[in-house]
file run_19.tsv (TSV, N, CA and C atoms and all ligand atoms)
chain	number	residue	atom	x	y	z
Q	1	MET	N	30.31	-33.54	8.47
Q	1	MET	CA	30.53	-33.03	9.82
Q	1	MET	C	30.22	-31.53	9.85
Q	2	LEU	N	29.74	-31.08	10.98
Q	2	LEU	CA	29.49	-29.65	11.17
Q	2	LEU	C	29.87	-29.29	12.60
Q	3	THR	N	30.69	-28.30	12.76
Q	3	THR	CA	31.08	-27.86	14.10
Q	3	THR	C	30.66	-26.39	14.28
Q	4	PRO	N	29.65	-26.15	15.10
Q	4	PRO	CA	29.25	-24.76	15.34
Q	4	PRO	C	30.09	-24.14	16.46
Q	5	ILE	N	30.26	-22.83	16.40
Q	5	ILE	CA	30.97	-22.11	17.46
Q	5	ILE	C	30.15	-20.89	17.81
Q	6	GLU	N	29.74	-20.79	19.05
Q	6	GLU	CA	28.94	-19.65	19.48
Q	6	GLU	C	29.77	-18.76	20.40
Q	7	GLY	N	29.74	-17.45	20.12
Q	7	GLY	CA	30.45	-16.48	20.94
Q	7	GLY	C	29.91	-16.49	22.36
Q	8	SER	N	30.79	-16.26	23.32
Q	8	SER	CA	30.45	-16.16	24.74
Q	8	SER	C	29.99	-17.46	25.38
Q	9	SER	N	29.91	-18.56	24.61
Q	9	SER	CA	29.63	-19.85	25.25
Q	9	SER	C	30.67	-20.88	24.85
Q	10	ASP	N	30.85	-21.13	23.54
Q	10	ASP	CA	31.90	-22.06	23.12
Q	10	ASP	C	33.28	-21.41	23.23
Q	11	VAL	N	33.33	-20.08	23.06
Q	11	VAL	CA	34.58	-19.34	23.30
Q	11	VAL	C	34.27	-18.28	24.36
Q	12	PRO	N	35.27	-17.94	25.18
Q	12	PRO	CA	34.97	-17.10	26.35
Q	12	PRO	C	34.90	-15.60	26.05
Q	13	PHE	N	34.47	-15.22	24.85
Q	13	PHE	CA	34.32	-13.80	24.52
Q	13	PHE	C	33.33	-13.68	23.37
Q	14	ASP	N	32.84	-12.47	23.18
Q	14	ASP	CA	32.03	-12.14	22.00
Q	14	ASP	C	32.95	-12.10	20.79
Q	15	ILE	N	32.58	-12.74	19.71
Q	15	ILE	CA	33.46	-12.75	18.53
Q	15	ILE	C	33.20	-11.48	17.71
Q	16	LYS	N	34.26	-10.65	17.60
Q	16	LYS	CA	34.09	-9.41	16.83
Q	16	LYS	C	34.76	-9.49	15.47
Q	17	ARG	N	35.64	-10.48	15.30
Q	17	ARG	CA	36.41	-10.55	14.04
Q	17	ARG	C	36.81	-12.00	13.80
Q	18	VAL	N	36.79	-12.36	12.53
Q	18	VAL	CA	37.23	-13.71	12.12
Q	18	VAL	C	38.19	-13.53	10.95
Q	19	TYR	N	39.32	-14.26	10.98
Q	19	TYR	CA	40.17	-14.29	9.78
Q	19	TYR	C	40.79	-15.67	9.66
Q	20	TYR	N	41.31	-15.96	8.48
Q	20	TYR	CA	41.92	-17.27	8.30
Q	20	TYR	C	43.20	-17.14	7.50
Q	21	ILE	N	44.15	-18.00	7.84
Q	21	ILE	CA	45.49	-17.97	7.26
Q	21	ILE	C	45.67	-19.27	6.48
Q	22	TYR	N	46.08	-19.18	5.23
Q	22	TYR	CA	46.20	-20.38	4.40
Q	22	TYR	C	47.24	-20.12	3.30
Q	23	CYS	N	47.60	-21.18	2.57
Q	23	CYS	CA	48.63	-21.09	1.52
Q	23	CYS	C	49.93	-20.54	2.10
Q	24	VAL	N	50.32	-21.04	3.26
Q	24	VAL	CA	51.56	-20.61	3.90
Q	24	VAL	C	52.65	-21.62	3.53
Q	25	ASP	N	53.78	-21.14	3.04
Q	25	ASP	CA	54.88	-22.03	2.69
Q	25	ASP	C	55.39	-22.76	3.93
Q	26	LYS	N	55.86	-23.99	3.70
Q	26	LYS	CA	56.31	-24.88	4.78
Q	26	LYS	C	57.33	-24.24	5.73
Q	27	ASN	N	58.25	-23.49	5.15
Q	27	ASN	CA	59.36	-22.96	5.98
Q	27	ASN	C	59.05	-21.58	6.57
Q	28	VAL	N	57.82	-21.14	6.44
Q	28	VAL	CA	57.47	-19.80	6.94
Q	28	VAL	C	57.01	-19.88	8.39
Q	29	ARG	N	57.51	-19.00	9.20
Q	29	ARG	CA	57.09	-18.89	10.60
Q	29	ARG	C	56.42	-17.54	10.77
Q	30	ARG	N	55.23	-17.51	11.32
Q	30	ARG	CA	54.46	-16.26	11.42
Q	30	ARG	C	54.22	-15.90	12.88
Q	31	GLY	N	53.58	-14.79	13.06
Q	31	GLY	CA	53.24	-14.38	14.42
Q	31	GLY	C	54.28	-13.43	14.96
Q	32	PHE	N	55.10	-13.95	15.88
Q	32	PHE	CA	56.16	-13.14	16.52
Q	32	PHE	C	55.57	-11.87	17.11
Q	33	HIS	N	54.48	-12.01	17.83
Q	33	HIS	CA	53.92	-10.86	18.53
Q	33	HIS	C	53.02	-11.32	19.66
Q	34	SER	N	52.68	-10.33	20.49
Q	34	SER	CA	51.68	-10.52	21.53
Q	34	SER	C	50.64	-9.42	21.34
Q	35	HIS	N	49.51	-9.58	22.00
Q	35	HIS	CA	48.51	-8.51	22.01
Q	35	HIS	C	48.32	-8.03	23.44
Q	36	LYS	N	48.08	-6.74	23.58
Q	36	LYS	CA	47.88	-6.18	24.92
Q	36	LYS	C	46.54	-6.61	25.49
Q	37	ASN	N	45.50	-6.54	24.68
Q	37	ASN	CA	44.14	-6.84	25.17
Q	37	ASN	C	43.45	-7.99	24.47
Q	38	LEU	N	43.79	-8.20	23.22
Q	38	LEU	CA	43.04	-9.15	22.39
Q	38	LEU	C	43.09	-10.59	22.91
Q	39	GLU	N	41.95	-11.26	22.85
Q	39	GLU	CA	41.89	-12.70	23.11
Q	39	GLU	C	41.52	-13.37	21.79
Q	40	GLN	N	42.05	-14.58	21.59
Q	40	GLN	CA	41.78	-15.29	20.34
Q	40	GLN	C	41.58	-16.78	20.59
Q	41	VAL	N	40.87	-17.42	19.68
Q	41	VAL	CA	40.83	-18.88	19.63
Q	41	VAL	C	41.26	-19.30	18.23
Q	42	LEU	N	42.24	-20.19	18.18
Q	42	LEU	CA	42.79	-20.67	16.91
Q	42	LEU	C	42.28	-22.08	16.65
Q	43	ILE	N	41.78	-22.29	15.45
Q	43	ILE	CA	41.28	-23.61	15.06
Q	43	ILE	C	41.86	-23.95	13.69
Q	44	CYS	N	42.55	-25.06	13.60
Q	44	CYS	CA	43.07	-25.48	12.30
Q	44	CYS	C	41.96	-26.31	11.63
Q	45	VAL	N	41.19	-25.67	10.75
Q	45	VAL	CA	40.00	-26.33	10.20
Q	45	VAL	C	40.35	-27.31	9.08
Q	46	ASN	N	41.60	-27.23	8.58
Q	46	ASN	CA	42.08	-28.21	7.60
Q	46	ASN	C	43.59	-28.32	7.73
Q	47	GLY	N	44.13	-29.53	7.59
Q	47	GLY	CA	45.57	-29.71	7.68
Q	47	GLY	C	46.07	-29.57	9.10
Q	48	SER	N	47.32	-29.11	9.24
Q	48	SER	CA	47.90	-29.01	10.59
Q	48	SER	C	48.89	-27.85	10.66
Q	49	VAL	N	49.09	-27.37	11.87
Q	49	VAL	CA	50.04	-26.29	12.12
Q	49	VAL	C	50.48	-26.39	13.58
Q	50	LYS	N	51.69	-25.94	13.85
Q	50	LYS	CA	52.16	-25.91	15.24
Q	50	LYS	C	52.15	-24.46	15.74
Q	51	ILE	N	51.82	-24.31	17.02
Q	51	ILE	CA	51.76	-22.98	17.64
Q	51	ILE	C	52.69	-22.98	18.86
Q	52	LEU	N	53.56	-22.00	18.91
Q	52	LEU	CA	54.35	-21.78	20.12
Q	52	LEU	C	53.69	-20.65	20.90
Q	53	VAL	N	53.31	-20.94	22.15
Q	53	VAL	CA	52.79	-19.88	23.03
Q	53	VAL	C	53.80	-19.71	24.16
Q	54	LYS	N	54.04	-18.48	24.52
Q	54	LYS	CA	55.17	-18.20	25.39
Q	54	LYS	C	54.88	-16.98	26.26
Q	55	THR	N	55.26	-17.07	27.53
Q	55	THR	CA	55.28	-15.90	28.41
Q	55	THR	C	56.70	-15.82	28.98
Q	56	PRO	N	57.02	-14.79	29.75
Q	56	PRO	CA	58.37	-14.75	30.34
Q	56	PRO	C	58.61	-15.93	31.28
Q	57	PHE	N	57.56	-16.65	31.68
Q	57	PHE	CA	57.70	-17.68	32.70
Q	57	PHE	C	57.58	-19.10	32.19
Q	58	GLU	N	56.92	-19.29	31.05
Q	58	GLU	CA	56.77	-20.65	30.52
Q	58	GLU	C	56.48	-20.60	29.04
Q	59	GLU	N	56.69	-21.74	28.39
Q	59	GLU	CA	56.33	-21.82	26.98
Q	59	GLU	C	55.86	-23.22	26.64
Q	60	GLN	N	55.04	-23.30	25.60
Q	60	GLN	CA	54.48	-24.60	25.20
Q	60	GLN	C	54.27	-24.60	23.70
Q	61	GLU	N	54.52	-25.79	23.12
Q	61	GLU	CA	54.30	-25.95	21.68
Q	61	GLU	C	53.07	-26.84	21.50
Q	62	ILE	N	52.13	-26.40	20.70
Q	62	ILE	CA	50.87	-27.15	20.54
Q	62	ILE	C	50.65	-27.47	19.09
Q	63	LEU	N	50.33	-28.74	18.82
Q	63	LEU	CA	50.00	-29.16	17.45
Q	63	LEU	C	48.50	-29.05	17.27
Q	64	LEU	N	48.09	-28.24	16.29
Q	64	LEU	CA	46.67	-28.19	15.94
Q	64	LEU	C	46.48	-29.01	14.67
Q	65	ASP	N	45.76	-30.10	14.78
Q	65	ASP	CA	45.60	-31.00	13.63
Q	65	ASP	C	44.20	-31.60	13.59
Q	66	ASN	N	43.28	-30.92	14.28
Q	66	ASN	CA	41.94	-31.47	14.41
Q	66	ASN	C	40.95	-30.31	14.39
Q	67	PRO	N	40.02	-30.29	13.44
Q	67	PRO	CA	39.10	-29.15	13.34
Q	67	PRO	C	38.13	-29.03	14.52
Q	68	GLN	N	38.18	-30.02	15.42
Q	68	GLN	CA	37.32	-29.94	16.60
Q	68	GLN	C	38.06	-29.42	17.82
Q	69	LYS	N	39.34	-29.06	17.58
Q	69	LYS	CA	40.17	-28.60	18.70
Q	69	LYS	C	40.47	-27.10	18.54
Q	70	GLY	N	40.25	-26.31	19.60
Q	70	GLY	CA	40.54	-24.88	19.55
Q	70	GLY	C	41.58	-24.53	20.60
Q	71	LEU	N	42.49	-23.62	20.27
Q	71	LEU	CA	43.49	-23.16	21.22
Q	71	LEU	C	43.15	-21.73	21.62
Q	72	TYR	N	42.87	-21.52	22.91
Q	72	TYR	CA	42.60	-20.18	23.42
Q	72	TYR	C	43.93	-19.48	23.74
Q	73	ILE	N	44.09	-18.28	23.26
Q	73	ILE	CA	45.28	-17.49	23.60
Q	73	ILE	C	44.80	-16.17	24.20
Q	74	GLY	N	45.10	-15.99	25.47
Q	74	GLY	CA	44.68	-14.77	26.18
Q	74	GLY	C	45.60	-13.60	25.83
Q	75	SER	N	45.31	-12.47	26.44
Q	75	SER	CA	46.14	-11.29	26.18
Q	75	SER	C	47.52	-11.47	26.79
Q	76	MET	N	48.47	-10.76	26.27
Q	76	MET	CA	49.87	-10.73	26.73
Q	76	MET	C	50.57	-12.09	26.64
Q	77	VAL	N	50.19	-12.89	25.64
Q	77	VAL	CA	50.89	-14.15	25.38
Q	77	VAL	C	51.55	-14.06	24.00
Q	78	TRP	N	52.84	-14.30	23.98
Q	78	TRP	CA	53.60	-14.29	22.72
Q	78	TRP	C	53.23	-15.53	21.91
Q	79	ARG	N	53.07	-15.39	20.59
Q	79	ARG	CA	52.75	-16.57	19.77
Q	79	ARG	C	53.55	-16.58	18.46
Q	80	GLU	N	53.88	-17.81	18.06
Q	80	GLU	CA	54.49	-18.03	16.74
Q	80	GLU	C	53.80	-19.24	16.12
Q	81	MET	N	53.55	-19.17	14.81
Q	81	MET	CA	52.89	-20.26	14.09
Q	81	MET	C	53.85	-20.81	13.04
Q	82	PHE	N	54.00	-22.14	12.98
Q	82	PHE	CA	54.98	-22.72	12.06
Q	82	PHE	C	54.58	-24.13	11.67
Q	83	ASP	N	55.39	-24.72	10.77
Q	83	ASP	CA	55.11	-26.07	10.27
Q	83	ASP	C	53.69	-26.18	9.70
Q	84	PHE	N	53.28	-25.20	8.92
Q	84	PHE	CA	51.97	-25.27	8.25
Q	84	PHE	C	52.03	-26.41	7.22
Q	85	SER	N	51.07	-27.30	7.24
Q	85	SER	CA	50.98	-28.29	6.16
Q	85	SER	C	50.50	-27.56	4.90
Q	86	ASP	N	50.74	-28.17	3.74
Q	86	ASP	CA	50.37	-27.52	2.47
Q	86	ASP	C	48.90	-27.13	2.44
Q	87	ASP	N	48.08	-27.97	3.08
Q	87	ASP	CA	46.62	-27.76	3.01
Q	87	ASP	C	46.08	-27.06	4.26
Q	88	ALA	N	46.96	-26.50	5.09
Q	88	ALA	CA	46.51	-25.94	6.37
Q	88	ALA	C	45.65	-24.68	6.16
Q	89	VAL	N	44.56	-24.64	6.90
Q	89	VAL	CA	43.73	-23.43	6.98
Q	89	VAL	C	43.54	-23.15	8.47
Q	90	LEU	N	44.14	-22.05	8.93
Q	90	LEU	CA	44.07	-21.71	10.35
Q	90	LEU	C	43.04	-20.60	10.54
Q	91	LEU	N	41.95	-20.96	11.21
Q	91	LEU	CA	40.86	-20.02	11.46
Q	91	LEU	C	41.11	-19.34	12.81
Q	92	VAL	N	40.95	-18.03	12.85
Q	92	VAL	CA	41.17	-17.30	14.10
Q	92	VAL	C	39.91	-16.51	14.46
Q	93	LEU	N	39.43	-16.73	15.67
Q	93	LEU	CA	38.30	-15.97	16.20
Q	93	LEU	C	38.88	-14.95	17.17
Q	94	ALA	N	38.45	-13.71	17.05
Q	94	ALA	CA	39.09	-12.65	17.84
Q	94	ALA	C	38.05	-11.85	18.61
Q	95	SER	N	38.47	-11.38	19.79
Q	95	SER	CA	37.54	-10.68	20.68
Q	95	SER	C	37.38	-9.20	20.34
Q	96	GLU	N	38.28	-8.68	19.47
Q	96	GLU	CA	38.23	-7.24	19.14
Q	96	GLU	C	38.44	-7.04	17.64
Q	97	HIS	N	38.03	-5.88	17.17
Q	97	HIS	CA	38.35	-5.50	15.80
Q	97	HIS	C	39.85	-5.30	15.67
Q	98	TYR	N	40.33	-5.28	14.43
Q	98	TYR	CA	41.76	-5.10	14.18
Q	98	TYR	C	42.24	-3.75	14.74
Q	99	ASP	N	43.33	-3.79	15.50
Q	99	ASP	CA	43.88	-2.57	16.07
Q	99	ASP	C	45.40	-2.69	16.09
Q	100	ILE	N	46.02	-1.96	15.22
Q	100	ILE	CA	47.49	-2.06	15.08
Q	100	ILE	C	48.20	-1.68	16.38
Q	101	ASN	N	47.56	-0.83	17.20
Q	101	ASN	CA	48.17	-0.38	18.46
Q	101	ASN	C	48.08	-1.42	19.58
Q	102	ASP	N	47.38	-2.51	19.32
Q	102	ASP	CA	47.26	-3.56	20.32
Q	102	ASP	C	48.42	-4.57	20.23
Q	103	TYR	N	49.24	-4.44	19.18
Q	103	TYR	CA	50.33	-5.40	18.96
Q	103	TYR	C	51.58	-5.02	19.75
Q	104	ILE	N	52.30	-6.01	20.27
Q	104	ILE	CA	53.68	-5.81	20.74
Q	104	ILE	C	54.54	-6.75	19.90
Q	105	ARG	N	55.41	-6.19	19.07
Q	105	ARG	CA	56.15	-7.01	18.10
Q	105	ARG	C	57.62	-7.20	18.47
Q	106	ASN	N	58.09	-6.43	19.43
Q	106	ASN	CA	59.50	-6.54	19.83
Q	106	ASN	C	59.58	-7.43	21.08
Q	107	TYR	N	60.33	-8.54	21.01
Q	107	TYR	CA	60.28	-9.51	22.13
Q	107	TYR	C	60.82	-8.93	23.43
Q	108	GLU	N	61.89	-8.16	23.37
Q	108	GLU	CA	62.46	-7.58	24.60
Q	108	GLU	C	61.44	-6.64	25.26
Q	109	ASN	N	60.78	-5.88	24.43
Q	109	ASN	CA	59.73	-4.98	24.90
Q	109	ASN	C	58.59	-5.79	25.52
Q	110	TYR	N	58.20	-6.87	24.82
Q	110	TYR	CA	57.14	-7.75	25.32
Q	110	TYR	C	57.51	-8.31	26.70
Q	111	GLU	N	58.73	-8.82	26.81
Q	111	GLU	CA	59.17	-9.48	28.04
Q	111	GLU	C	59.05	-8.53	29.25
Q	112	GLN	N	59.47	-7.30	29.03
Q	112	GLN	CA	59.41	-6.29	30.11
Q	112	GLN	C	57.97	-6.04	30.55
Q	113	ILE	N	57.11	-5.80	29.57
Q	113	ILE	CA	55.70	-5.48	29.87
Q	113	ILE	C	54.99	-6.69	30.46
Q	114	ALA	N	55.28	-7.88	29.90
Q	114	ALA	CA	54.57	-9.10	30.32
Q	114	ALA	C	54.96	-9.51	31.73
Q	115	LYS	N	56.23	-9.34	32.10
Q	115	LYS	CA	56.67	-9.69	33.46
Q	115	LYS	C	55.84	-8.91	34.47
Q	116	LYS	N	55.72	-7.63	34.21
Q	116	LYS	CA	54.94	-6.75	35.09
Q	116	LYS	C	53.47	-7.18	35.10
Q	117	TYR	N	52.94	-7.41	33.90
Q	117	TYR	CA	51.52	-7.74	33.74
Q	117	TYR	C	51.16	-9.02	34.52
Q	118	PHE	N	51.96	-10.08	34.36
Q	118	PHE	CA	51.62	-11.34	35.01
Q	118	PHE	C	51.87	-11.28	36.52
Q	119	GLU	N	52.89	-10.55	36.93
Q	119	GLU	CA	53.15	-10.43	38.37
Q	119	GLU	C	52.02	-9.66	39.05
Q	120	GLU	N	51.54	-8.60	38.38
Q	120	GLU	CA	50.51	-7.76	38.98
Q	120	GLU	C	49.10	-8.36	38.89
Q	121	ASN	N	48.79	-8.95	37.73
Q	121	ASN	CA	47.41	-9.37	37.47
Q	121	ASN	C	47.12	-10.83	37.75
Q	122	VAL	N	48.05	-11.68	37.47
Q	122	VAL	CA	47.73	-13.10	37.52
Q	122	VAL	C	48.61	-13.87	38.49
Q	123	GLY	N	49.76	-13.33	38.80
Q	123	GLY	CA	50.76	-14.13	39.51
Q	123	GLY	C	51.34	-15.08	38.49
Q	124	ARG	N	52.16	-15.98	38.90
Q	124	ARG	CA	52.78	-16.89	37.94
Q	124	ARG	C	51.92	-18.12	37.81
Q	201	LIG	P1	49.67	-10.27	11.41
Q	201	LIG	O1	48.73	-10.18	12.56
Q	201	LIG	O2	51.05	-9.71	11.59
Q	201	LIG	O3	49.77	-11.78	10.90
Q	201	LIG	P2	50.67	-13.00	11.47
Q	201	LIG	O4	50.76	-12.85	12.94
Q	201	LIG	O5	49.92	-14.21	11.03
Q	201	LIG	O6	52.01	-12.96	10.83
Q	201	LIG	O7	48.98	-9.58	10.14
Q	201	LIG	C1	49.56	-9.63	8.86
Q	201	LIG	C2	49.07	-8.43	8.08
Q	201	LIG	O8	47.65	-8.49	7.89
Q	201	LIG	C3	49.36	-7.10	8.75
Q	201	LIG	O9	49.85	-6.21	7.77
Q	201	LIG	C4	48.04	-6.61	9.25
Q	201	LIG	C5	47.03	-7.31	8.38
Q	201	LIG	N1	45.79	-7.68	9.13
Q	201	LIG	C6	44.62	-6.97	8.93
Q	201	LIG	O10	44.55	-6.02	8.14
Q	201	LIG	N2	43.50	-7.34	9.64
Q	201	LIG	C7	43.52	-8.37	10.52
Q	201	LIG	O11	42.47	-8.69	11.14
Q	201	LIG	C8	44.76	-9.09	10.72
Q	201	LIG	C9	44.83	-10.24	11.69
Q	201	LIG	C10	45.86	-8.70	10.00

call {"tool": "encode", "arguments": {"input": "run_19.tsv", "output": "structure tokens"}}
result
Amino acid sequence: MLTPIEGSSDVPFDIKRVYYIYCVDKNVRRGFHSHKNLEQVLICVNGSVKILVKTPFEEQEILLDNPQKGLYIGSMVWREMFDFSDDAVLLVLASEHYDINDYIRNYENYEQIAKKYFEENVGR
């Protein structure tokens, strides 16, 4: 099998960065942050992992267990990754280079900023 991914057509942005997360212990939960501007697509290319995506208004848990399935996460969405299978490899395509200042890691801080952001820019 071969699955190609082209920037700006298969994913809604130019891909500037790629990274992958693997060898994560079963009981480890990662993420716990949002990004101000960054957009990402998550693809579990091997094994399985669960993703919690959350805004101040709604939340959803998504099982990624198929290398042909990608999860788009826009800016200002809180995410947590958990239940990594032993063989899980989570590939992440990102719209920007790494920028430590783009992270919001404190949930209360995130909630305040995100409420404003979604009310002003997107509505609910
Ligand atoms: P982080 O984004 O916090 O990972 P996760 O959300 O999966 O827990 O990143 C973990 C560490 O890796 C952090 O110290 C920053 C570093 N890092 C980079 O240097 N470049 C990158 O592109 C990414 C995503 C992380």

call {"tool": "residues_near_point", "arguments": {"input": "run_19.tsv", "point": "(32.4, -25.9, 13.8)", "cutoff": "7 Å", "atoms": "only N, CA and C atoms", "output": "number ranges by chain"}}
result
Q: 2-5, 67-68

call {"tool": "atom_distance", "arguments": {"input": "run_19.tsv", "atom1": "atom N of Asn46 of chain Q", "atom2": "atom CA of Phe13 of chain Q"}}
result
22.1 Å

call {"tool": "closest_residue", "arguments": {"input": "run_19.tsv", "among": "Q:Val53, Q:Ala88, Q:Ile100, Q:Val11", "to": "Val41 of chain Q", "atoms": "all atoms listed in the file"}}
result
Q:Val11

call {"tool": "closest_residue", "arguments": {"input": "run_19.tsv", "among": "Q:Phe84, Q:Glu61, Q:Ile73, Q:Tyr103", "to": "Asp25 of chain Q", "atoms": "all atoms listed in the file"}}
result
Q:Phe84

call {"tool": "select_by_dssp", "arguments": {"input": "run_19.tsv", "residues": "chain Q", "states": "helix (DSSP H, G or I)", "output": "ChimeraX atom specification"}}
result
/Q:100-102,107-122

call {"tool": "residues_near_ligand", "arguments": {"input": "run_19.tsv", "ligand": "ligand LIG 201 (chain Q)", "cutoff": "6 Å", "atoms": "only C-alpha atoms and all ligand atoms", "output": "number ranges by chain"}}
result
Q: 30-31, 98

call {"tool": "residues_around", "arguments": {"input": "run_19.tsv", "residues": "His35 of chain Q", "least_positions_apart": "2", "cutoff": "6 Å", "atoms": "only C-alpha atoms", "output": "ChimeraX atom specification"}}
result
/Q:37-38,75-76,102-104

call {"tool": "closest_residue", "arguments": {"input": "run_19.tsv", "among": "Q:Asn27, Q:Phe32, Q:Ile15, Q:Lys69", "to": "Cys44 of chain Q", "atoms": "all atoms listed in the file"}}
result
Q:Lys69

call {"tool": "closest_residue", "arguments": {"input": "run_19.tsv", "among": "Q:Asn121, Q:Ala114, Q:Val49, Q:Ser34", "to": "Trp78 of chain Q", "atoms": "only N, CA and C atoms"}}
result
Q:Ser34

call {"tool": "atom_distance", "arguments": {"input": "run_19.tsv", "atom1": "atom C of Leu71 of chain Q", "atom2": "atom C of Gln112 of chain Q"}}
result
23.4 Å

call {"tool": "atom_distance", "arguments": {"input": "run_19.tsv", "atom1": "atom CA of Leu90 of chain Q", "atom2": "atom CA of Met1 of chain Q"}}
result
17.7 Å

call {"tool": "closest_residue", "arguments": {"input": "run_19.tsv", "among": "Q:Thr55, Q:Glu108, Q:Gln40, Q:Gln60", "to": "Pro12 of chain Q", "atoms": "all atoms listed in the file"}}
result
Q:Gln40

call {"tool": "build_atoms", "arguments": {"input": "run_19.tsv", "residues": "segment 105-112 of chain Q", "atoms": "all heavy atoms", "output": "compact mmCIF listing (two decimals), in the frame of the given file"}}
result
# COMPACT_ATOMS: atom_id res chain seq x y z
N ARG Q 105 55.41 -6.19 19.07
CA ARG Q 105 56.15 -7.01 18.10
C ARG Q 105 57.62 -7.20 18.47
O ARG Q 105 58.30 -8.03 17.87
CB ARG Q 105 56.07 -6.39 16.71
CG ARG Q 105 54.67 -6.49 16.10
CD ARG Q 105 54.71 -6.19 14.63
NE ARG Q 105 53.40 -6.26 14.01
CZ ARG Q 105 52.86 -7.36 13.53
NH1 ARG Q 105 53.52 -8.51 13.59
NH2 ARG Q 105 51.66 -7.34 12.98
N ASN Q 106 58.09 -6.43 19.43
CA ASN Q 106 59.50 -6.54 19.83
C ASN Q 106 59.58 -7.43 21.08
O ASN Q 106 58.96 -7.12 22.11
CB ASN Q 106 60.05 -5.14 20.11
CG ASN Q 106 61.46 -5.19 20.65
OD1 ASN Q 106 61.67 -5.52 21.82
ND2 ASN Q 106 62.43 -4.89 19.81
N TYR Q 107 60.33 -8.54 21.01
CA TYR Q 107 60.28 -9.51 22.13
C TYR Q 107 60.82 -8.93 23.43
O TYR Q 107 60.26 -9.19 24.50
CB TYR Q 107 61.01 -10.82 21.78
CG TYR Q 107 60.73 -11.83 22.86
CD1 TYR Q 107 59.51 -12.50 22.91
CD2 TYR Q 107 61.64 -12.06 23.89
CE1 TYR Q 107 59.20 -13.37 23.95
CE2 TYR Q 107 61.34 -12.92 24.94
CZ TYR Q 107 60.12 -13.58 24.95
OH TYR Q 107 59.81 -14.43 25.99
N GLU Q 108 61.89 -8.16 23.37
CA GLU Q 108 62.46 -7.58 24.60
C GLU Q 108 61.44 -6.64 25.26
O GLU Q 108 61.26 -6.66 26.48
CB GLU Q 108 63.76 -6.82 24.32
CG GLU Q 108 64.98 -7.71 24.17
CD GLU Q 108 65.00 -8.48 22.86
OE1 GLU Q 108 64.64 -7.87 21.82
OE2 GLU Q 108 65.32 -9.68 22.86
N ASN Q 109 60.78 -5.88 24.43
CA ASN Q 109 59.73 -4.98 24.90
C ASN Q 109 58.59 -5.79 25.52
O ASN Q 109 58.10 -5.50 26.62
CB ASN Q 109 59.23 -4.16 23.69
CG ASN Q 109 58.26 -3.09 24.08
OD1 ASN Q 109 58.18 -2.72 25.24
ND2 ASN Q 109 57.54 -2.58 23.10
N TYR Q 110 58.20 -6.87 24.82
CA TYR Q 110 57.14 -7.75 25.32
C TYR Q 110 57.51 -8.31 26.70
O TYR Q 110 56.70 -8.30 27.63
CB TYR Q 110 56.89 -8.91 24.34
CG TYR Q 110 56.15 -10.04 25.00
CD1 TYR Q 110 54.78 -9.92 25.29
CD2 TYR Q 110 56.81 -11.20 25.41
CE1 TYR Q 110 54.10 -10.93 25.95
CE2 TYR Q 110 56.15 -12.21 26.08
CZ TYR Q 110 54.79 -12.08 26.35
OH TYR Q 110 54.13 -13.06 27.02
N GLU Q 111 58.73 -8.82 26.81
CA GLU Q 111 59.17 -9.48 28.04
C GLU Q 111 59.05 -8.53 29.25
O GLU Q 111 58.56 -8.92 30.31
CB GLU Q 111 60.61 -9.95 27.87
CG GLU Q 111 60.90 -11.22 28.61
CD GLU Q 111 62.26 -11.78 28.28
OE1 GLU Q 111 63.13 -11.04 27.76
OE2 GLU Q 111 62.46 -12.97 28.55
N GLN Q 112 59.47 -7.30 29.03
CA GLN Q 112 59.41 -6.29 30.11
C GLN Q 112 57.97 -6.04 30.55
O GLN Q 112 57.66 -6.08 31.74
CB GLN Q 112 59.97 -4.97 29.57
CG GLN Q 112 61.46 -4.82 29.74
CD GLN Q 112 61.88 -3.38 29.50
OE1 GLN Q 112 61.14 -2.59 28.91
NE2 GLN Q 112 63.06 -3.03 29.95
